[in-house]
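final13.cif (mmCIF, C-alpha atoms) appears below.
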data_my_file
loop_
_atom_site.label_atom_id
_atom_site.label_comp_id
_atom_site.auth_asym_id
_atom_site.auth_seq_id
_atom_site.Cartn_x
_atom_site.Cartn_y
_atom_site.Cartn_z
CA MET L 1 122.38 19.01 -75.72
CA ARG L 2 123.64 21.52 -78.28
CA LEU L 3 121.23 22.48 -81.04
CA THR L 4 123.47 23.37 -83.94
CA ARG L 5 122.60 22.57 -87.52
CA SER L 6 124.96 23.24 -90.42
CA ILE L 7 123.05 23.99 -93.60
CA ALA L 8 125.76 25.12 -95.97
CA HIS L 9 125.45 22.05 -98.21
CA LEU L 10 121.92 20.82 -97.62
CA ALA L 11 119.56 20.01 -100.43
CA PRO L 12 116.19 21.80 -100.21
CA ALA L 13 114.38 18.71 -98.87
CA ALA L 14 117.06 18.17 -96.24
CA LEU L 15 116.89 21.85 -95.31
CA VAL L 16 113.16 21.61 -94.66
CA ALA L 17 113.66 18.46 -92.57
CA CYS L 18 116.36 20.29 -90.58
CA LEU L 19 113.97 23.18 -89.98
CA PHE L 20 111.28 20.96 -88.53
CA ALA L 21 113.76 19.14 -86.30
CA THR L 22 115.35 22.38 -85.09
CA SER L 23 112.16 24.33 -84.44
CA ALA L 24 110.73 21.63 -82.17
CA LEU L 25 113.65 21.77 -79.73
CA ALA L 26 114.39 24.06 -76.79
CA ALA L 27 117.41 26.35 -77.01
CA GLN L 28 119.11 25.78 -73.66
CA SER L 29 121.32 22.90 -72.72
CA ASP L 30 119.85 22.90 -69.20
CA GLY L 31 116.38 22.15 -70.55
CA ASP L 32 114.88 25.62 -70.03
CA THR L 33 113.01 27.07 -72.96
CA VAL L 34 114.25 30.53 -73.97
CA TYR L 35 112.05 32.88 -75.96
CA PRO L 36 113.39 35.82 -77.99
CA ARG L 37 112.31 38.40 -75.38
CA ASP L 38 114.23 36.46 -72.69
CA LEU L 39 117.38 36.18 -74.80
CA LEU L 40 117.29 39.88 -75.68
CA LYS L 41 116.89 40.84 -72.00
CA GLN L 42 119.84 38.60 -71.05
CA LYS L 43 122.12 39.87 -73.83
CA PRO L 44 121.81 43.64 -74.39
CA GLU L 45 124.42 43.58 -77.18
CA LEU L 46 122.21 41.17 -79.14
CA ALA L 47 119.14 43.29 -78.36
CA LYS L 48 120.81 46.29 -80.03
CA ARG L 49 121.60 44.25 -83.12
CA TYR L 50 118.08 42.83 -83.20
CA GLN L 51 116.54 46.31 -82.98
CA ALA L 52 118.82 47.56 -85.76
CA VAL L 53 117.96 44.72 -88.13
CA VAL L 54 114.16 44.94 -87.62
CA LYS L 55 114.04 48.75 -87.64
CA PRO L 56 113.11 49.01 -91.37
CA VAL L 57 109.85 47.08 -90.81
CA THR L 58 108.89 48.05 -87.27
CA GLY L 59 106.99 51.22 -88.29
CA ALA L 60 104.66 49.41 -90.71
CA HIS L 61 104.31 46.33 -88.49
CA GLY L 62 103.88 47.58 -84.91
CA TRP L 63 103.61 44.08 -83.46
CA ILE L 64 107.34 43.59 -84.10
CA ALA L 65 108.24 46.28 -81.54
CA ASP L 66 106.11 44.43 -78.95
CA GLY L 67 107.67 41.08 -79.82
CA GLY L 68 104.58 39.44 -81.28
CA THR L 69 103.79 35.79 -80.68
CA GLN L 70 107.18 34.12 -80.20
CA THR L 71 108.53 30.61 -80.50
CA PRO L 72 111.52 29.25 -78.55
CA VAL L 73 114.99 30.28 -79.68
CA THR L 74 116.95 27.63 -81.57
CA GLU L 75 120.41 27.67 -83.12
CA VAL L 76 121.80 27.12 -86.61
CA SER L 77 125.35 27.22 -88.02
CA PHE L 78 126.51 28.85 -91.26
CA GLY L 79 130.19 28.25 -91.93
CA ASN L 80 132.02 29.05 -88.71
CA THR L 81 129.29 31.15 -87.09
CA ASP L 82 126.51 29.96 -84.81
CA TYR L 83 123.30 31.96 -84.99
CA ALA L 84 120.39 32.20 -82.60
CA VAL L 85 117.14 31.84 -84.56
CA LEU L 86 114.49 34.25 -83.25
CA THR L 87 110.99 33.84 -84.65
CA SER L 88 107.70 35.58 -84.10
CA CYS L 89 104.44 36.31 -85.85
CA LYS L 90 101.60 38.78 -85.77
CA PRO L 91 99.45 38.04 -82.69
CA HIS L 92 96.07 36.43 -83.49
CA ASP L 93 97.07 36.32 -87.19
CA CYS L 94 100.22 34.25 -87.53
CA ALA L 95 99.26 33.12 -91.02
CA SER L 96 99.52 36.68 -92.35
CA GLN L 97 102.87 37.93 -90.98
CA ASN L 98 105.98 36.05 -89.88
CA LEU L 99 109.42 37.28 -88.83
CA VAL L 100 112.66 35.32 -88.47
CA VAL L 101 115.97 36.87 -87.39
CA LEU L 102 119.42 35.29 -87.17
CA LEU L 103 121.71 36.77 -84.50
CA PRO L 104 125.32 35.68 -83.96
CA ALA L 105 125.00 33.41 -80.92
CA ASN L 106 128.45 33.11 -79.35
CA ASN L 107 130.25 36.32 -80.14
CA ALA L 108 128.14 39.39 -80.83
CA LYS L 109 130.92 40.81 -83.02
CA GLN L 110 131.15 37.72 -85.24
CA GLY L 111 128.70 37.47 -88.14
CA GLU L 112 125.90 39.78 -89.20
CA ALA L 113 122.40 40.00 -87.85
CA VAL L 114 119.99 39.27 -90.72
CA GLY L 115 116.35 38.38 -91.08
CA ALA L 116 113.23 38.28 -93.18
CA LEU L 117 109.61 39.31 -92.81
CA ALA L 118 106.91 37.54 -94.82
CA VAL L 119 103.56 39.23 -95.33
CA ASN L 120 101.05 36.74 -96.74
CA ALA L 121 97.64 37.21 -98.33
CA GLY L 122 94.89 35.03 -99.74
CA ASP L 123 95.20 32.04 -97.44
CA GLN L 124 92.24 29.78 -98.18
CA GLY L 125 93.46 26.92 -96.01
CA LEU L 126 96.15 25.81 -98.49
CA GLY L 127 98.67 28.49 -97.59
CA PRO L 128 99.00 31.98 -99.01
CA ASN L 129 98.50 32.69 -102.69
CA LYS L 130 100.61 35.86 -102.44
CA SER L 131 103.61 36.61 -100.23
CA THR L 132 105.99 39.51 -99.95
CA ILE L 133 109.36 38.91 -98.33
CA THR L 134 111.36 41.81 -96.96
CA TRP L 135 115.00 40.85 -96.41
CA LEU L 136 116.52 42.48 -93.34
CA GLY L 137 120.22 43.25 -93.30
CA GLU L 138 122.17 41.62 -96.09
CA PRO L 139 121.65 37.86 -95.79
CA GLY L 140 123.91 35.75 -97.99
CA ARG L 141 122.73 32.82 -100.09
CA ASP L 142 122.74 30.23 -97.27
CA ALA L 143 120.99 32.63 -94.89
CA ARG L 144 118.32 33.46 -97.52
CA ARG L 145 117.69 29.78 -98.14
CA PHE L 146 117.30 29.15 -94.44
CA LEU L 147 115.17 32.24 -93.78
CA GLY L 148 112.87 31.60 -96.76
CA ALA L 149 112.36 27.95 -95.87
CA TYR L 150 111.77 28.85 -92.23
CA LEU L 151 109.11 31.41 -93.13
CA PHE L 152 107.15 28.81 -95.12
CA ARG L 153 107.64 25.72 -92.93
#
Can you give me the file's structure in the form of structure tokens?
Amino acid sequence: MRLTRSIAHLAPAALVACLFATSALAAQSDGDTVYPRDLLKQKPELAKRYQAVVKPVTGAHGWIADGGTQTPVTEVSFGNTDYAVLTSCKPHDCASQNLVVLLPANNAKQGEAVGALAVNAGDQGLGPNKSTITWLGEPGRDARRFLGAYLFR
């Protein structure tokens, strides 16, 4: 089972529905669940790109260097590039800090690694009343839409 979603022409409501469907599925066709730390160990070229894209926020958010609390890797498609979706959050405080990174899935040289970090404040049970998003790399419009929606799913 291949978990590819094309979001280039999705309306916002459809994008959110795609996010929920994608995030609930495992990343491997053989049924094994793969977490970001596993994928990065298996593919050193992706690990280098991941480290480069998160480097601007690692110093201020030490949990990122340790991997944080991770969810299974999924896949999304933008145009002709498949991306692995790597997500994590601050351990014991997922509501306050969330990270999502898109890494080219099939060919490490195709497509850019991009991501976003959301730092949230003022959550009174209804979600944050203030959020700061730090864009990582240079995500295009479709990537920003996906990353932003993913951070606030």
*Pick the closest to Thr132 in chain L from L:Asn106, L:Thr87, L:Ser96, L:Thr81: which is it, counting all atoms listed in the file?*
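The answer is L:Ser96, which sits nearest to Thr132 in chain L.
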*asked:* Under the rule that only C-alpha atoms are counted, which of L:Pro139, L:Gly62, L:Pro56, L:Gly122 is the nearest residue to Leu102 in chain L?
replied: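 Ranked by minimum distance to Leu102 in chain L, first place goes to L:Pro139.
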*Find the residue from L:Ala60, L:Ala105, L:Ala149, L:Ala65 that sits nearest to Val119 in chain L; use all atoms listed in the file when measuring.*
L:Ala60
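Look at Ser131 in chain L: the protein and nucleic acid residues within 10 Å of it, using only C-alpha atoms and passing over chain neighbours fewer than 5 places away, are Ser96, Gln97, Leu117, Ala118, Val119, Asn120, Ala121, Gly122, Asp123 and Phe152 of chain L.
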*Using all atoms listed in the file, pick whichever of L:Ala143, L:Pro44, L:Val53, L:Pro128 has the shortest atom-to-atom distance to Cys94 in chain L.*
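Under the stated criterion, the closest residue is L:Pro128.
Take the candidates L:Gly111, L:Val100, L:Trp63, L:Asp93 and check each one against Asn80 in chain L using all atoms listed in the file; the shortest distance goes to L:Gly111.
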*asked:* Could you tell me, as JSON, numbers by chain, exactly which residues end up selected when the PyMOL selection byres ((chain L and resi 89) around 7) is applied to this structure?
replied: {"L": [68, 69, 70, 88, 90, 91, 94, 97, 98, 99]}
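If you measure from each of L:Gly115, L:Gln124, L:Leu46, L:Tyr83 to Arg145 in chain L using all atoms listed in the file, the closest one turns out to be L:Gly115.
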*Interatomic distance (Å, one decimal) between CA of Leu151 in chain L and CA of Lys48 in chain L*: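 About the pair CA of Leu151 in chain L and CA of Lys48 in chain L: they are 23.0 Å apart.
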*Interatomic distance (Å, one decimal) between CA of Glu112 in chain L and CA of Asp32 in chain L*: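 Result for CA of Glu112 in chain L versus CA of Asp32 in chain L: 26.3 Å, one decimal.
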*Report the distance between CA of Arg153 in chain L and CA of Gln42 in chain L in Å, rounded to one decimal place.*
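So the two atoms, CA of Arg153 in chain L and CA of Gln42 in chain L, lie 28.2 Å apart.
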